[in-house]
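S.K.: Structure: model06.cif, mmCIF, C-alpha atoms.
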```cif
data_run
#
loop_
_atom_site.label_atom_id
_atom_site.label_comp_id
_atom_site.auth_asym_id
_atom_site.auth_seq_id
_atom_site.Cartn_x
_atom_site.Cartn_y
_atom_site.Cartn_z
CA MET A 234 0.00 0.00 0.00
CA ARG A 235 2.85 2.39 0.78
CA LEU A 236 4.49 1.62 -2.56
CA ARG A 237 1.24 2.25 -4.40
CA GLY A 238 0.75 5.59 -2.61
CA HIS A 239 4.37 6.58 -3.36
CA GLN A 240 3.91 5.76 -7.05
CA SER A 241 0.61 7.66 -7.16
CA GLY A 242 2.22 10.74 -5.65
CA ARG A 243 5.14 10.53 -8.07
CA TRP A 244 2.78 10.31 -11.05
CA GLY A 245 0.78 13.25 -9.67
CA ARG A 246 3.92 15.38 -9.50
CA ARG A 247 4.87 14.39 -13.04
CA VAL A 248 1.43 15.31 -14.38
CA GLY A 249 1.58 18.63 -12.51
CA ALA A 250 5.00 19.43 -13.95
CA LEU A 251 3.83 18.51 -17.47
CA LEU A 252 0.78 20.75 -17.08
CA GLY A 253 3.04 23.59 -15.99
CA VAL A 254 5.19 23.17 -19.10
CA LEU A 255 2.15 23.01 -21.40
CA LEU A 256 0.77 26.22 -19.91
CA GLY A 257 4.07 28.01 -20.43
CA TRP A 258 5.09 28.35 -16.82
CA GLY A 259 8.73 27.44 -17.35
CA GLY A 260 10.17 25.07 -14.81
CA ALA A 261 7.61 25.88 -12.15
CA GLU A 262 5.65 22.91 -10.92
CA ALA A 263 1.89 23.28 -11.04
CA LYS A 264 0.37 22.90 -7.59
CA GLY A 265 -2.85 21.34 -8.83
CA LEU A 266 -6.41 22.54 -8.77
CA HIS A 267 -8.02 23.66 -5.55
CA VAL A 268 -11.47 25.04 -4.82
CA GLU A 269 -12.26 28.60 -3.74
CA TYR A 270 -15.55 28.73 -1.85
CA ASP A 271 -15.56 32.21 -0.29
CA LEU A 272 -13.40 34.69 -2.25
CA GLN A 273 -14.13 34.18 -5.93
CA THR A 274 -12.42 36.63 -8.28
CA PRO A 275 -14.91 38.48 -10.56
CA LEU A 276 -13.39 39.14 -13.99
CA PHE A 277 -14.93 40.13 -17.34
CA LEU A 278 -18.57 39.85 -16.21
CA ASP A 279 -21.71 41.98 -16.54
CA ARG A 280 -22.14 45.16 -14.51
CA THR A 281 -25.30 46.49 -12.86
CA TYR A 282 -26.58 49.92 -13.98
CA LEU A 283 -29.35 52.27 -12.86
CA PHE A 284 -29.65 55.54 -14.77
CA VAL A 285 -31.72 58.38 -16.16
CA SER A 286 -31.65 59.84 -19.66
CA PRO A 287 -32.83 63.11 -21.21
CA SER A 288 -33.20 61.25 -24.53
CA ARG A 289 -36.50 59.80 -25.74
CA ILE A 290 -37.36 56.29 -26.91
CA GLN A 291 -39.15 55.47 -30.16
CA ARG A 292 -41.85 52.78 -29.91
CA GLN A 293 -43.92 51.80 -32.93
CA GLY A 294 -47.67 51.89 -32.20
CA ASP A 295 -47.43 53.87 -28.94
CA PRO A 296 -49.42 57.15 -29.12
CA ASP A 297 -47.00 58.74 -26.62
CA SER A 298 -43.92 57.92 -28.73
CA PRO A 299 -41.23 59.22 -28.54
CA LEU A 300 -41.32 58.34 -24.84
CA PRO A 301 -39.58 60.31 -22.08
CA LEU A 302 -37.90 58.01 -19.56
CA VAL A 303 -38.11 58.05 -15.77
CA PHE A 304 -35.25 55.57 -15.44
CA GLU A 305 -33.67 52.50 -16.97
CA GLY A 306 -31.83 49.73 -15.21
CA GLN A 307 -29.74 46.66 -15.92
CA PHE A 308 -29.68 44.38 -12.90
CA ALA A 309 -27.04 41.67 -13.30
CA PRO A 310 -26.02 39.85 -10.10
CA ASN A 311 -23.21 37.39 -10.86
CA LEU A 312 -23.87 34.23 -8.85
CA PHE A 313 -20.72 32.12 -8.57
CA LEU A 314 -20.46 28.41 -8.15
CA PRO A 315 -17.29 27.36 -6.27
CA GLN A 316 -14.32 28.55 -8.31
CA LEU A 317 -11.42 26.31 -9.33
CA LYS A 318 -7.93 27.79 -9.03
CA LEU A 319 -4.56 26.69 -10.30
CA ASP A 320 -1.67 28.32 -8.38
CA ASP A 321 -2.12 31.34 -6.13
CA PHE A 322 -1.54 34.90 -7.30
CA LYS A 323 -0.41 36.19 -3.90
CA GLU A 324 2.21 33.49 -3.49
CA ASP A 325 3.29 32.75 -7.05
CA GLY A 326 2.50 35.89 -9.05
CA ARG A 327 0.24 33.85 -11.33
CA GLU A 328 -3.14 32.21 -11.14
CA THR A 329 -5.55 30.41 -13.46
CA LEU A 330 -9.26 30.50 -12.66
CA PHE A 331 -12.10 28.29 -13.86
CA SER A 332 -15.54 29.70 -13.08
CA ALA A 333 -19.19 28.89 -13.64
CA VAL A 334 -21.39 31.94 -13.11
CA PHE A 335 -25.18 32.22 -13.35
CA THR A 336 -26.40 35.74 -14.19
CA PRO A 337 -30.11 36.67 -14.22
CA ASN A 338 -29.64 39.83 -16.30
CA ILE A 339 -32.86 41.88 -16.28
CA ARG A 340 -33.34 45.24 -18.02
CA LEU A 341 -36.20 47.59 -17.17
CA ARG A 342 -37.40 50.81 -18.76
CA MET A 343 -39.92 53.05 -17.02
CA ALA A 344 -41.50 55.67 -19.26
CA ASN A 345 -42.99 58.94 -18.04
CA THR A 346 -46.52 58.18 -19.28
CA ASP A 347 -49.94 57.97 -17.64
CA SER A 348 -50.47 54.25 -18.29
CA ASN A 349 -48.26 51.18 -18.79
CA PRO A 350 -45.11 53.03 -17.72
CA ILE A 351 -43.00 49.84 -17.49
CA LEU A 352 -42.11 48.55 -20.95
CA PRO A 353 -41.95 44.75 -21.33
CA PRO A 354 -38.66 43.89 -19.59
CA SER A 355 -35.67 42.22 -21.20
CA TYR A 356 -34.82 38.90 -19.55
CA LEU A 357 -31.40 37.43 -20.31
CA MET A 358 -30.78 34.38 -18.14
CA LYS A 359 -27.34 32.98 -18.82
CA LEU A 360 -24.65 30.63 -17.62
CA THR A 361 -21.04 31.71 -18.17
CA LEU A 362 -18.19 29.22 -18.22
CA GLN A 363 -14.96 31.16 -17.84
CA ALA A 364 -11.25 30.41 -17.98
CA ALA A 365 -9.02 33.32 -16.91
CA HIS A 366 -5.30 33.67 -16.32
CA LEU A 367 -3.51 36.32 -14.23
CA ARG A 368 0.25 36.84 -14.27
CA LEU A 369 2.73 39.37 -12.95
CA LEU A 370 5.49 40.30 -15.40
CA HIS A 371 8.81 42.09 -15.03
CA GLY A 372 8.90 45.50 -16.68
CA PRO A 373 11.90 46.80 -18.64
CA ASP A 374 13.42 47.81 -15.30
CA LYS A 375 13.56 44.70 -13.12
CA ASP A 376 13.78 46.85 -10.01
CA GLY A 377 10.78 48.93 -11.04
CA ALA A 378 7.06 48.32 -10.74
CA PRO A 379 5.88 45.06 -12.34
CA ARG A 380 3.21 44.64 -14.98
CA VAL A 381 0.15 42.43 -14.78
CA LEU A 382 -1.50 40.48 -17.60
CA ALA A 383 -5.07 39.18 -17.46
CA LEU A 384 -6.63 37.01 -20.17
CA GLY A 385 -10.11 35.55 -20.24
CA LEU A 386 -12.37 33.32 -22.34
CA ASN A 387 -16.12 33.29 -21.68
CA VAL A 388 -18.45 30.70 -23.20
CA ILE A 389 -22.04 31.76 -22.53
CA ALA A 390 -25.34 29.94 -23.03
CA GLY A 391 -28.51 31.87 -22.33
CA HIS A 392 -32.13 32.68 -23.04
CA TYR A 393 -33.20 36.19 -24.08
CA SER A 394 -36.88 37.20 -24.17
CA ASN A 395 -39.39 39.86 -23.16
CA GLY A 396 -42.08 37.66 -21.58
CA GLU A 397 -44.81 38.70 -24.03
CA ASP A 398 -47.07 36.37 -26.05
CA GLY A 399 -48.41 38.75 -28.71
CA CYS A 400 -47.78 38.25 -32.41
CA PHE A 401 -44.41 39.37 -33.75
CA PHE A 402 -45.75 41.62 -36.54
CA ALA A 403 -48.19 44.50 -36.09
CA ASN A 404 -50.52 43.30 -38.89
CA GLN A 405 -51.13 39.94 -37.15
CA THR A 406 -53.81 39.04 -34.62
CA GLY A 407 -53.94 36.27 -32.03
CA THR A 408 -51.21 35.05 -29.73
CA ASP A 409 -47.84 33.60 -30.59
CA PRO A 410 -47.48 31.11 -32.31
CA ASN A 411 -51.14 31.05 -33.45
CA CYS A 412 -51.18 34.28 -35.44
CA GLU A 413 -53.21 35.37 -38.46
CA PRO A 414 -52.08 35.85 -41.13
CA ALA A 415 -49.32 33.27 -40.65
CA GLU A 416 -46.85 35.36 -42.68
CA GLY A 417 -46.68 38.82 -41.15
CA THR A 418 -45.07 41.96 -42.52
CA LEU A 419 -43.26 44.93 -41.01
CA PRO A 420 -43.64 46.97 -38.85
CA LEU A 421 -43.17 44.89 -35.71
CA ASN A 422 -45.64 44.70 -32.86
CA GLU A 423 -43.49 46.70 -30.44
CA ILE A 424 -46.26 46.96 -27.81
CA THR A 425 -47.08 43.32 -26.99
CA GLY A 426 -45.07 41.32 -29.54
CA SER A 427 -43.23 38.19 -28.42
CA PHE A 428 -39.43 38.33 -28.61
CA SER A 429 -37.54 35.16 -27.73
CA THR A 430 -34.26 33.49 -28.63
CA ASN A 431 -31.62 31.23 -27.15
CA VAL A 432 -28.06 32.47 -27.51
CA LEU A 433 -24.57 31.02 -27.60
CA ARG A 434 -21.86 33.62 -27.12
CA PHE A 435 -18.06 33.54 -27.12
CA GLU A 436 -16.00 36.35 -25.57
CA LEU A 437 -12.26 37.06 -25.48
CA HIS A 438 -10.88 39.58 -22.96
CA SER A 439 -7.43 40.98 -22.23
CA ARG A 440 -5.97 43.53 -19.81
CA LEU A 441 -2.40 44.75 -19.43
CA GLY A 442 -1.45 46.75 -16.36
CA PHE A 443 1.52 49.12 -16.04
CA GLY A 444 3.07 50.61 -12.92
CA VAL A 445 1.34 48.02 -10.76
CA ASP A 446 1.42 48.56 -6.99
CA LEU A 447 -0.34 45.63 -5.34
CA HIS A 448 0.14 47.13 -1.89
CA ARG A 449 -1.92 50.24 -2.66
CA LEU A 450 -4.02 48.79 -5.53
CA SER A 451 -2.73 51.30 -8.08
CA ALA A 452 -2.07 50.74 -11.80
CA TRP A 453 -2.66 51.90 -15.35
CA LEU A 454 -4.73 49.36 -17.33
CA VAL A 455 -5.43 49.01 -21.04
CA GLY A 456 -7.40 46.23 -22.66
CA ALA A 457 -9.47 44.91 -25.53
CA ASN A 458 -12.32 42.48 -25.99
CA ALA A 459 -14.29 40.81 -28.75
CA PHE A 460 -17.43 38.68 -28.93
CA TYR A 461 -19.33 36.51 -31.39
CA GLU A 462 -22.95 35.64 -30.59
CA LEU A 463 -25.29 33.19 -32.31
CA ASN A 464 -29.08 33.05 -32.05
CA SER A 465 -30.56 29.57 -31.79
CA ALA A 466 -33.93 27.90 -32.34
CA ILE A 467 -32.86 24.86 -30.31
CA GLY A 468 -34.71 24.20 -27.06
CA PRO A 469 -37.62 25.92 -25.29
CA GLY A 470 -37.86 29.61 -26.12
CA GLY A 471 -35.75 29.28 -29.26
CA MET A 472 -35.92 31.81 -32.07
CA SER A 473 -38.75 31.54 -34.60
CA PRO A 474 -38.00 31.68 -38.36
CA ALA A 475 -39.91 34.97 -38.64
CA GLN A 476 -37.83 36.60 -35.91
CA ARG A 477 -34.57 35.23 -37.33
CA HIS A 478 -35.36 36.78 -40.72
CA VAL A 479 -35.64 40.27 -39.20
CA TYR A 480 -33.41 40.08 -36.10
CA GLY A 481 -30.63 38.08 -37.76
CA ASN A 482 -28.40 35.13 -37.03
CA GLY A 483 -26.39 36.89 -34.36
CA HIS A 484 -24.08 39.76 -33.44
CA TRP A 485 -20.35 40.42 -33.33
CA GLY A 486 -18.53 43.17 -31.52
CA VAL A 487 -15.22 44.63 -30.34
CA GLY A 488 -14.24 46.95 -27.52
CA LEU A 489 -11.38 48.93 -25.99
CA VAL A 490 -10.94 49.97 -22.37
CA GLY A 491 -8.53 52.15 -20.41
CA GLU A 492 -8.52 52.38 -16.63
CA ARG A 493 -6.59 54.21 -13.95
CA GLU A 494 -6.65 52.75 -10.45
CA VAL A 495 -5.29 54.80 -7.54
CA ASN A 496 -5.44 53.42 -3.99
CA GLY A 497 -8.38 51.23 -4.99
CA ASN A 498 -10.28 54.09 -6.67
CA ARG A 499 -11.06 53.24 -10.30
CA PHE A 500 -11.54 55.59 -13.28
CA ARG A 501 -12.56 53.94 -16.55
CA LEU A 502 -12.99 54.96 -20.20
CA GLU A 503 -14.53 52.31 -22.45
CA GLY A 504 -15.76 52.13 -26.03
CA SER A 505 -17.50 49.33 -27.92
CA PHE A 506 -18.95 48.63 -31.35
CA SER A 507 -21.36 45.81 -32.23
CA HIS A 508 -23.11 44.77 -35.43
CA PRO A 509 -25.81 42.21 -36.31
CA PHE A 510 -25.44 39.77 -39.19
CA GLY A 511 -27.91 37.76 -41.27
CA GLU A 512 -30.80 40.23 -40.79
CA THR A 513 -33.32 41.63 -43.32
CA PRO A 514 -33.53 44.57 -43.73
CA ALA A 515 -29.85 45.24 -43.02
CA GLN A 516 -29.13 47.24 -39.87
CA ARG A 517 -26.27 49.54 -38.97
CA GLY A 518 -23.93 48.92 -36.07
CA THR A 519 -24.12 50.34 -32.55
CA LEU A 520 -21.44 52.51 -30.94
CA SER A 521 -21.17 53.03 -27.18
CA VAL A 522 -18.74 55.24 -25.22
CA GLU A 523 -18.71 55.22 -21.42
CA VAL A 524 -16.79 56.93 -18.62
CA ALA A 525 -17.08 55.81 -15.00
CA ALA A 526 -15.61 56.41 -11.56
CA ASN A 527 -15.81 53.82 -8.76
CA PRO A 528 -14.44 55.15 -5.45
CA ARG A 529 -13.05 52.56 -3.07
CA TRP A 530 -15.27 53.66 -0.19
CA ALA A 531 -18.43 52.92 -2.24
CA SER A 532 -17.76 49.14 -2.14
CA GLY A 533 -18.29 48.59 -5.86
CA PHE A 534 -20.76 51.41 -6.58
CA GLY A 535 -19.81 54.29 -8.83
CA VAL A 536 -21.13 56.91 -11.22
CA PHE A 537 -21.03 56.81 -15.01
CA ALA A 538 -21.99 58.67 -18.18
CA ARG A 539 -22.58 56.92 -21.50
CA TYR A 540 -23.53 57.74 -25.08
CA VAL A 541 -25.11 55.05 -27.27
CA ARG A 542 -25.90 55.45 -30.96
CA GLY A 543 -27.25 52.83 -33.33
CA GLN A 544 -29.64 49.90 -32.91
CA ASP A 545 -31.88 49.83 -29.83
CA TYR A 546 -30.69 47.02 -27.53
CA TYR A 547 -34.05 46.59 -25.73
CA ASN A 548 -35.63 43.31 -26.97
CA ILE A 549 -38.28 43.83 -29.68
CA LEU A 550 -37.34 47.50 -30.20
CA PHE A 551 -34.24 46.42 -32.15
CA LEU A 552 -35.40 48.06 -35.41
CA GLU A 553 -35.58 51.48 -33.74
CA ARG A 554 -32.61 53.80 -34.04
CA ILE A 555 -31.33 55.37 -30.83
CA SER A 556 -29.11 58.27 -29.85
CA LEU A 557 -29.07 58.17 -26.04
CA TRP A 558 -27.25 60.02 -23.28
CA GLN A 559 -27.32 58.10 -20.01
CA PHE A 560 -26.22 59.16 -16.50
CA GLY A 561 -26.41 57.21 -13.28
CA LEU A 562 -25.00 54.53 -11.00
CA VAL A 563 -22.89 51.52 -11.88
CA PHE A 564 -21.97 48.57 -9.67
CA GLU A 565 -18.93 46.35 -10.24
CA LEU A 566 -16.81 44.64 -7.60
CA ASN A 567 -13.10 45.41 -7.82
CA PRO A 568 -11.28 42.19 -8.80
CA GLY A 569 -8.01 43.69 -7.59
CA ALA A 570 -9.18 43.76 -3.97
CA ARG A 571 -8.62 40.01 -3.52
CA LEU A 572 -5.20 40.25 -5.18
CA LYS A 573 -3.84 42.90 -2.82
CA THR A 574 -0.67 41.88 -0.98
CA ASP A 575 0.98 43.23 2.16
CA SER A 576 4.33 41.51 1.66
CA GLY A 577 7.52 43.47 1.15
CA LYS A 578 7.82 42.45 -2.51
CA PRO A 579 5.31 41.68 -5.24
CA PRO A 580 4.13 38.04 -5.23
CA GLY A 581 6.31 35.72 -7.26
CA PHE A 582 9.24 38.19 -7.21
CA GLN A 583 10.87 37.10 -3.95
#
```
Show me, as structure tokens, the structure contained in the file I just sent.
M.R.:
Amino acid sequence: MRLRGHQSGRWGRRVGALLGVLLGWGGAEAKGLHVEYDLQTPLFLDRTYLFVSPSRIQRQGDPDSPLPLVFEGQFAPNLFLPQLKLDDFKEDGRETLFSAVFTPNIRLRMANTDSNPILPPSYLMKLTLQAAHLRLLHGPDKDGAPRVLALGLNVIAGHYSNGEDGCFFANQTGTDPNCEPAEGTLPLNEITGSFSTNVLRFELHSRLGFGVDLHRLSAWLVGANAFYELNSAIGPGGMSPAQRHVYGNGHWGVGLVGEREVNGNRFRLEGSFSHPFGETPAQRGTLSVEVAANPRWASGFGVFARYVRGQDYYNILFLERISLWQFGLVFELNPGARLKTDSGKPPGFQ
């Protein structure tokens, strides 16, 4: 029994060393996976927003259109399952994370009208499987502040709908899917029309930090991201052929972000561009630019301003063109808080 245990341990060390080589960690021996139950690291996930806008919303068939807004919100709590970790950032200066995160992302718009002020909400229930890698790097000056690299891959499966059962087109009567006539024509039924699709989405994220001070949580960060999203008819709530024809086969997008963090206070500038594909009639892309400030004392809360121009992102209103200014609150936990170290040197640089 002792011999068998000794051989098992030896094989475990060999597999760990091989994994370290395959992942590009030089001669370092991988310590194996362990489970994080209490202090999961949130990276590259949805934020929560609550905001007002002086801009108005177009809504086909609404006598009050264009609608003034009271507020709009995106409520996206990220609910973690236990997180798997390979290595430890504080001890080794590197860490690989494997996460499964359930996010009930709900968007609400409240219009300043006498009746039906809440527009049919957007429900996006999704499961994110994420692999992320963090690593401290030497800068050009080995005695100077290190750099930090963060890479992430998100594979997301979700359901996106508005909870309505009306017919998709305005010239149809009945309830979905029993609508007359069977073949509808534009415009869409933007008041009670059913909007529903299942989605499969792939995201790539990167961040590079300069002048990193892990004692005071200070750094300059630049990054980029890209996504590719497919609409699916598979499963309950899948996309109908009529909706696919107008909404399209999916979306793609890219983004850039710059961030300054000083003593745990974060200041962010972010831009993104997305575009549908496979839709008829063809739609233009959507551009978004956002600035935000998250003070450390606010425990994740901050203020932001954003400008969005292009295709409306609110479920069945996707054929409407928008040009929106938005101002309000944003909530995002600081992933750097768990990585803070109090040792005399940066982790992995002893």
S.K.: Kindly indicate which residue among A:Leu362, A:Leu454, A:Leu369, A:Val563 lies nearest to Glu494 in chain A, using all atoms listed in the file for the distances.
M.R.: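 For Glu494 in chain A, the nearest of the candidates is A:Leu454.
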S.K.: Run through the PyMOL selection byres ((chain A and resi 429) around 6) on the given coordinates and return the selected residues as a VMD selection string.
M.R.: chain A and resid 393 to 394 428 430 470 472
S.K.: Write out as a list of chain:residue names which residues come within 8 Å of Asp446 in chain A when counting all atoms listed in the file, dropping same-chain ones fewer than 3 positions away.
M.R.: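 In the requested form, the answer reads A:Ala378, A:Pro379, A:Arg449, A:Leu450, A:Ser451, A:Ala452.
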S.K.: Please determine the residues with any atom at most 7 Å from (-28.6, 44.0, -11.8) (coordinates as given in the file, with only C-alpha atoms counting) and report them as a list of chain:residue names.
M.R.: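 Those residues, ordered by chain and then number, are A:Thr281, A:Tyr282, A:Gln307, A:Phe308, A:Ala309, A:Pro310, A:Asn338, A:Ile339.
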S.K.: If I take CA of Gly456 in chain A and CA of Gly491 in chain A, how far is one from the other in Å, to one decimal?
M.R.: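 About the pair CA of Gly456 in chain A and CA of Gly491 in chain A: they are 6.4 Å apart.
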S.K.: With 12 Å as the cut-off and all atoms listed in the file counted, what is the closest atom pair between each nearby residue of range 382-499 of chain A and range 264-278 of chain A? Distances in Å to one decimal, ordered by chain and number, as JSON lines.
M.R.:
```
{"residue": "A:Ala383", "atom": "CA", "partner": "A:Leu276", "partner_atom": "CA", "distance": 9.0}
{"residue": "A:Leu384", "atom": "CA", "partner": "A:Phe277", "partner_atom": "CA", "distance": 9.3}
{"residue": "A:Gly385", "atom": "CA", "partner": "A:Phe277", "partner_atom": "CA", "distance": 7.3}
{"residue": "A:Leu386", "atom": "CA", "partner": "A:Phe277", "partner_atom": "CA", "distance": 8.8}
{"residue": "A:Asn387", "atom": "CA", "partner": "A:Phe277", "partner_atom": "CA", "distance": 8.2}
{"residue": "A:Val388", "atom": "CA", "partner": "A:Leu278", "partner_atom": "CA", "distance": 11.5}
{"residue": "A:Ile389", "atom": "CA", "partner": "A:Leu278", "partner_atom": "CA", "distance": 10.8}
{"residue": "A:Glu436", "atom": "CA", "partner": "A:Phe277", "partner_atom": "CA", "distance": 9.1}
{"residue": "A:Leu437", "atom": "CA", "partner": "A:Phe277", "partner_atom": "CA", "distance": 9.1}
{"residue": "A:His438", "atom": "CA", "partner": "A:Phe277", "partner_atom": "CA", "distance": 6.9}
{"residue": "A:Ser439", "atom": "CA", "partner": "A:Phe277", "partner_atom": "CA", "distance": 9.0}
{"residue": "A:Arg440", "atom": "CA", "partner": "A:Phe277", "partner_atom": "CA", "distance": 9.9}
{"residue": "A:Gly456", "atom": "CA", "partner": "A:Phe277", "partner_atom": "CA", "distance": 11.1}
{"residue": "A:Ala457", "atom": "CA", "partner": "A:Phe277", "partner_atom": "CA", "distance": 10.9}
{"residue": "A:Asn458", "atom": "CA", "partner": "A:Phe277", "partner_atom": "CA", "distance": 9.3}
{"residue": "A:Ala459", "atom": "CA", "partner": "A:Phe277", "partner_atom": "CA", "distance": 11.4}
{"residue": "A:Phe460", "atom": "CA", "partner": "A:Phe277", "partner_atom": "CA", "distance": 11.9}
{"residue": "A:Val490", "atom": "CA", "partner": "A:Phe277", "partner_atom": "CA", "distance": 11.7}
```
S.K.: Would you mind exporting C-alpha atoms of the selected residues as a PDB file, in the frame of the given file?
M.R.:
```
ATOM      1  CA  ALA A 383      -5.070  39.180 -17.460  1.00  0.00           C
ATOM      2  CA  LEU A 384      -6.630  37.010 -20.170  1.00  0.00           C
ATOM      3  CA  GLY A 385     -10.110  35.550 -20.240  1.00  0.00           C
ATOM      4  CA  LEU A 386     -12.370  33.320 -22.340  1.00  0.00           C
ATOM      5  CA  ASN A 387     -16.120  33.290 -21.680  1.00  0.00           C
ATOM      6  CA  VAL A 388     -18.450  30.700 -23.200  1.00  0.00           C
ATOM      7  CA  ILE A 389     -22.040  31.760 -22.530  1.00  0.00           C
ATOM      8  CA  GLU A 436     -16.000  36.350 -25.570  1.00  0.00           C
ATOM      9  CA  LEU A 437     -12.260  37.060 -25.480  1.00  0.00           C
ATOM     10  CA  HIS A 438     -10.880  39.580 -22.960  1.00  0.00           C
ATOM     11  CA  SER A 439      -7.430  40.980 -22.230  1.00  0.00           C
ATOM     12  CA  ARG A 440      -5.970  43.530 -19.810  1.00  0.00           C
ATOM     13  CA  GLY A 456      -7.400  46.230 -22.660  1.00  0.00           C
ATOM     14  CA  ALA A 457      -9.470  44.910 -25.530  1.00  0.00           C
ATOM     15  CA  ASN A 458     -12.320  42.480 -25.990  1.00  0.00           C
ATOM     16  CA  ALA A 459     -14.290  40.810 -28.750  1.00  0.00           C
ATOM     17  CA  PHE A 460     -17.430  38.680 -28.930  1.00  0.00           C
ATOM     18  CA  VAL A 490     -10.940  49.970 -22.370  1.00  0.00           C
TER      19      VAL A 490
END
```
S.K.: Kindly assemble as a tab-separated table a list of the range 282-329 of chain A residues that lie within 10 Å of range 340-346 of chain A, each paired with its nearest atom pair and their distance in Å to one decimal, using only C-alpha atoms, sorted first by chain and then by ascending residue number.
M.R.:
```
residue	atom	partner	partner_atom	distance
A:Tyr282	CA	A:Arg340	CA	9.2
A:Leu283	CA	A:Leu341	CA	9.3
A:Phe284	CA	A:Arg342	CA	9.9
A:Val285	CA	A:Arg342	CA	9.8
A:Arg289	CA	A:Ala344	CA	9.2
A:Ile290	CA	A:Ala344	CA	8.7
A:Asp297	CA	A:Thr346	CA	7.4
A:Ser298	CA	A:Thr346	CA	9.8
A:Pro299	CA	A:Ala344	CA	9.9
A:Leu300	CA	A:Ala344	CA	6.2
A:Pro301	CA	A:Asn345	CA	5.5
A:Leu302	CA	A:Ala344	CA	4.3
A:Val303	CA	A:Ala344	CA	5.4
A:Phe304	CA	A:Met343	CA	5.5
A:Glu305	CA	A:Arg342	CA	4.5
A:Gly306	CA	A:Leu341	CA	5.2
A:Gln307	CA	A:Arg340	CA	4.4
A:Phe308	CA	A:Arg340	CA	6.4
A:Ala309	CA	A:Arg340	CA	8.6
```
S.K.: Provide the CA of Pro414 in chain A to CA of Asn349 in chain A distance in Å, to one decimal place.
M.R.: 27.4 Å
S.K.: Of the candidates A:Ala415, A:Val536, A:Leu557, A:Leu562, which one gets nearest to Ser286 in chain A if we count all atoms listed in the file?
M.R.: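 Among the listed residues, the smallest separation from Ser286 in chain A belongs to A:Leu557.
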S.K.: Nearest to Pro420 in chain A among A:Gln559, A:Ser348, A:Gln293, A:Thr336, with distances taken over only C-alpha atoms: which residue is it?
M.R.: A:Gln293
S.K.: Taking the file as shown, what set of residues would the PyMOL selection byres ((chain A and resi 500-515) around 6) give back, as a PyMOL selection string?
M.R.: chain A and resi 478-493+499+516+518-526
S.K.: Please write the residues picked by the PyMOL selection byres ((chain A and resi 410) around 10) on this file as an NGL selection string.
M.R.: :A and (398-401 or 407-409 or 411-413 or 415 or 427 or 473)
S.K.: So what do you get for CA of Phe443 in chain A versus CA of Pro528 in chain A, distance-wise?
M.R.: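 Computed distance, CA of Phe443 in chain A to CA of Pro528 in chain A, equals 20.1 Å.
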